[in-house]
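Working notes, structure below.
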Amino acid sequence: MAQADLHTVAALERLGTETAFEVLARAKKLEDEGRDIINLGIGQPDFTTPENIVEAAIKALKDGHHGYTPANGILPLREAVAEDIANRREVTVDPDHIVIMPGGKVTMFFAILMFGEPGAEIIYPNPGFPIYESVINFSGAKAVPMPLLEENDFAFSADTVLGLITPKTRLIILNSPSNPTGGAFPMAEVDKLVAGLEAHPHVAVMSDEIYDRILYDGREHVCFLKYESLRDRLILLNGWSKTYAMTGWRLGYSVWPEKLVEPVTRLAINCHSCVNAATQFAGIEALKGPQDRVDEMVAAFTNRRQVIQQELNQIPGFRCIEPGGAFYAFPNIEGTGLSAQELQNKLLNEAGIATISGTSFGSYGEGYIRFSYANSEENIRAAAKRIKDVL
Ligand code: PLP
């Protein structure tokens with residue numbers, strides 16, 4: 001029988017991945033071999049989806065919502081999103097500018113594919129969510145890193161970002177609260193960036209606000225929708241995964257400038273047709289139903305954040321600033337004398353602790369390692385003890 005001789009596109013070689021899924025698989029394998037693993041690697045809440053949301057999905061199925069929906073999502077869900085944005089951010093959004101997506105990731109995939117091609121440049125956070133850089137490279141555009149530095153509390157510098165813009169820049173990606181650093185952008189810096197962008201009308205902005213409800217110490221979330229001057233070139237990414245512990249449901253939403261609504265809907269029709277119908281009904285209940293489970297989850301993260309920061313700072317060679325949002329701590333580990341990748345491997349293999357090396361989030365992540373504290377206080381303390389023992 002002839003061996004297959006396949007010719008896939010060169011772009012596939014440029015497509016990266018999200019190490020969290022690889023670490024999850026390795027941790028699972030070690031667990032199957034009988035090892036006791038504490039998983040501080042994967043970025044998902046360790047809570048289940050609130051019962052009222054689950055019930056809404058079951059009801060939708062029983063009510064017969066089994067077919068395709070409009071590609072941009074059912075109107076009651078888009079209206080619920082617009083209402084939620086109006087209540088929470090005091091901004092009016094036309095439900096027809098909202099597109100429901102199968103998760104937050106699809107918004108970034110479509111936005112980057114819309115702007116990225118050889119000859120174009122896209123500015124992205126580094127360290128940042130790895131899929132940004134991966135898809136920019138896949139598109140053939142030049143990935144231009146926006147450094148997020150510890151000395152800046154992992155916020156961007158508006159002057160630095162504005163200095164990176166060239167006539168070839170098509171898109172700037174921003175993410176606050178941020179994965180992997182837990183940094184939250186100060187409003188003054190965002191104001192400065194937005195003012196500076198007035199001089200660059202050829203540049204679109206994608207603001208990834210998937211962690212907008214997970215903020216600490218009374219910080220106010222800076223929603224990019226509030227900047228009128230950006231509204232005709234802003235793509236907002238948000239969703240249910242983190243806020244409502246719904247990572248496996250695959251439900252996200254996006255807000256697009258009028259001009260991009262038709263092309264993004266066409267991309268959706270070419271790709272996934274629409275989001276699972278019952279899940280969309282669950283999304284309505286999440287937004288309109290009681291929010292106490294969200295508050296409880298954020299309260300739990302607030303305590304764990306304190307515990308993990310204290311514990312990490314007691315490990316020789318570690319230095320951890322206080323995260324402002326999300327559920328990640330990103331300590332500097334240069335003092336251990338190990339590279340981020342070496343430390344990630346050592347912690348998994350010798351201590352049974354799953355973490356993600358900073359370099360999985362870009363070159364500026366060297367010297368750092370990401371801990372997800374979406375895990376119990378008890379496990380966080382046990383993990384810190386094991387790390388101290390191993391180091
Ligand atoms: N954006 C950021 C910054 C994330 O950290 C994640 C998930 O980890 C996503 C988007 C993707 O969210 P979803 O699971 O809804 O696709």
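Ordered as shown in the structure tokens, chains take letters A, B, and onward, while each chain numbers its residues from 1 and ligands are numbered from 1 in the order shown.
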Neighbours of ligand 1 within 9 Å, counting only C-alpha atoms and all ligand atoms, as an NGL selection string? :A and (20 or 42-44 or 101-108 or 128-132 or 175-180 or 208-211 or 237-242 or 246-253 or 326)
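All residues of protein, DNA or RNA that reach within 8 Å of A:Ala354, judged by only C-alpha atoms and not counting those fewer than 4 positions away in the chain, are Val23, Leu24, Ala27, Ile37, Ile38, Asn39, Leu40, Gly41, Gln344, Leu347 and Leu348 of chain A.
Counting from atom CA of A:Asp96, the distance to atom CA of A:Glu79 is 8.8 Å.
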Stretch 110-127 of chain A: which residues within 8 Å, counting only C-alpha atoms, same-chain residues fewer than 5 positions away excluded, as a PyMOL selection string? chain A and resi 132-133+135-136+139-148+164+168-175+180-181+206+235+264+267+358-359+361-365
Okay, now the selection with N, CA and C atoms, as a short mmCIF file (atom, residue, chain, number, x, y, z; two decimals), in the first residue's frame?
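Okay, this is what ended up in selection-v2.cif:
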data_model
loop_
_atom_site.label_atom_id
_atom_site.label_comp_id
_atom_site.auth_asym_id
_atom_site.auth_seq_id
_atom_site.Cartn_x
_atom_site.Cartn_y
_atom_site.Cartn_z
N TYR A 132 -2.56 34.66 20.91
CA TYR A 132 -2.41 35.89 20.11
C TYR A 132 -1.22 35.73 19.15
N GLU A 133 -0.06 35.47 19.74
CA GLU A 133 1.17 35.40 18.93
C GLU A 133 1.08 34.25 17.92
N VAL A 135 -1.57 32.90 16.44
CA VAL A 135 -2.45 33.14 15.27
C VAL A 135 -1.90 34.28 14.40
N ILE A 136 -1.24 35.26 15.04
CA ILE A 136 -0.62 36.32 14.22
C ILE A 136 0.41 35.67 13.28
N SER A 139 -1.17 33.84 10.48
CA SER A 139 -1.75 34.70 9.44
C SER A 139 -0.70 35.24 8.48
N GLY A 140 0.58 35.17 8.89
CA GLY A 140 1.66 35.70 8.04
C GLY A 140 2.04 37.12 8.41
N ALA A 141 1.26 37.75 9.32
CA ALA A 141 1.61 39.11 9.75
C ALA A 141 2.83 39.05 10.67
N LYS A 142 3.44 40.23 10.87
CA LYS A 142 4.57 40.31 11.81
C LYS A 142 4.01 40.54 13.21
N ALA A 143 4.41 39.67 14.15
CA ALA A 143 3.96 39.80 15.54
C ALA A 143 4.90 40.75 16.27
N VAL A 144 4.40 41.90 16.70
CA VAL A 144 5.23 42.92 17.34
C VAL A 144 4.91 42.93 18.84
N PRO A 145 5.88 42.48 19.68
CA PRO A 145 5.55 42.36 21.11
C PRO A 145 5.41 43.70 21.82
N MET A 146 4.40 43.79 22.68
CA MET A 146 4.23 44.93 23.60
C MET A 146 4.70 44.40 24.95
N PRO A 147 5.89 44.84 25.42
CA PRO A 147 6.42 44.24 26.65
C PRO A 147 5.58 44.63 27.87
N LEU A 148 5.23 43.64 28.68
CA LEU A 148 4.54 43.90 29.95
C LEU A 148 5.53 43.56 31.05
N LEU A 164 5.53 51.85 18.95
CA LEU A 164 5.64 50.63 18.12
C LEU A 164 4.79 50.71 16.85
N LYS A 168 2.32 50.13 8.85
CA LYS A 168 1.87 48.75 8.58
C LYS A 168 1.04 48.17 9.72
N THR A 169 0.99 48.86 10.85
CA THR A 169 0.25 48.33 12.00
C THR A 169 -1.24 48.29 11.67
N ARG A 170 -1.86 47.14 11.87
CA ARG A 170 -3.30 47.01 11.59
C ARG A 170 -4.12 46.88 12.87
N LEU A 171 -3.51 46.23 13.88
CA LEU A 171 -4.30 45.86 15.06
C LEU A 171 -3.40 45.88 16.29
N ILE A 172 -3.98 46.37 17.40
CA ILE A 172 -3.31 46.27 18.71
C ILE A 172 -4.19 45.40 19.59
N ILE A 173 -3.59 44.41 20.24
CA ILE A 173 -4.35 43.54 21.14
C ILE A 173 -4.00 43.92 22.58
N LEU A 174 -5.02 44.06 23.40
CA LEU A 174 -4.81 44.41 24.81
C LEU A 174 -5.61 43.44 25.66
N ASN A 175 -5.13 43.19 26.86
CA ASN A 175 -5.82 42.23 27.74
C ASN A 175 -5.64 42.63 29.19
N PRO A 180 -0.85 36.03 31.43
CA PRO A 180 -0.61 35.24 32.64
C PRO A 180 -0.23 36.06 33.87
N THR A 181 -0.16 37.38 33.78
CA THR A 181 0.51 38.12 34.85
C THR A 181 -0.42 38.49 36.00
N MET A 206 -8.21 45.35 19.59
CA MET A 206 -9.01 44.26 20.16
C MET A 206 -8.75 44.20 21.65
N ILE A 235 -12.82 46.10 18.74
CA ILE A 235 -13.43 44.77 18.88
C ILE A 235 -13.31 44.39 20.35
N VAL A 264 -17.56 39.40 10.01
CA VAL A 264 -17.34 38.42 11.09
C VAL A 264 -18.48 37.39 11.08
N LEU A 267 -17.56 34.92 8.54
CA LEU A 267 -16.55 33.99 9.06
C LEU A 267 -17.23 32.92 9.92
N GLY A 358 6.92 30.79 32.13
CA GLY A 358 6.63 32.12 31.59
C GLY A 358 6.86 32.22 30.09
N THR A 359 7.83 31.44 29.60
CA THR A 359 8.14 31.52 28.16
C THR A 359 7.02 30.95 27.29
N PHE A 361 4.29 32.07 27.35
CA PHE A 361 3.48 33.26 27.08
C PHE A 361 4.27 34.31 26.30
N GLY A 362 5.42 33.91 25.78
CA GLY A 362 6.22 34.83 24.99
C GLY A 362 7.61 35.02 25.58
N SER A 363 8.49 35.61 24.77
CA SER A 363 9.91 35.71 25.16
C SER A 363 10.10 36.56 26.42
N TYR A 364 9.23 37.55 26.65
CA TYR A 364 9.37 38.38 27.84
C TYR A 364 8.94 37.64 29.12
N GLY A 365 8.51 36.39 28.96
CA GLY A 365 8.12 35.59 30.12
C GLY A 365 9.29 34.82 30.72
#
Give me the residues within 9 Å of stretch 195-203 of chain A as a PyMOL selection string, counting only C-alpha atoms and dropping any in the same chain fewer than 2 places off. chain A and resi 158-159+162+165-172+190-193+205+229-230+233
Report as a PyMOL selection string all protein, DNA and RNA residues lying within 9 Å of stretch 49-66 of chain A, evaluated on only C-alpha atoms, omitting residues in the same chain fewer than 2 positions from it. chain A and resi 47+68-69+244-246+276-286+289-290+293-294
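Candidate residues A:Asn349, A:Thr17, A:Ala299, A:Ala155 were compared for distance to A:Pro186, and the nearest is A:Ala155, using only C-alpha atoms.
Atom CA of A:Pro70 to atom CA of A:Leu225 spans 24.6 Å [interatomic distance, one decimal].
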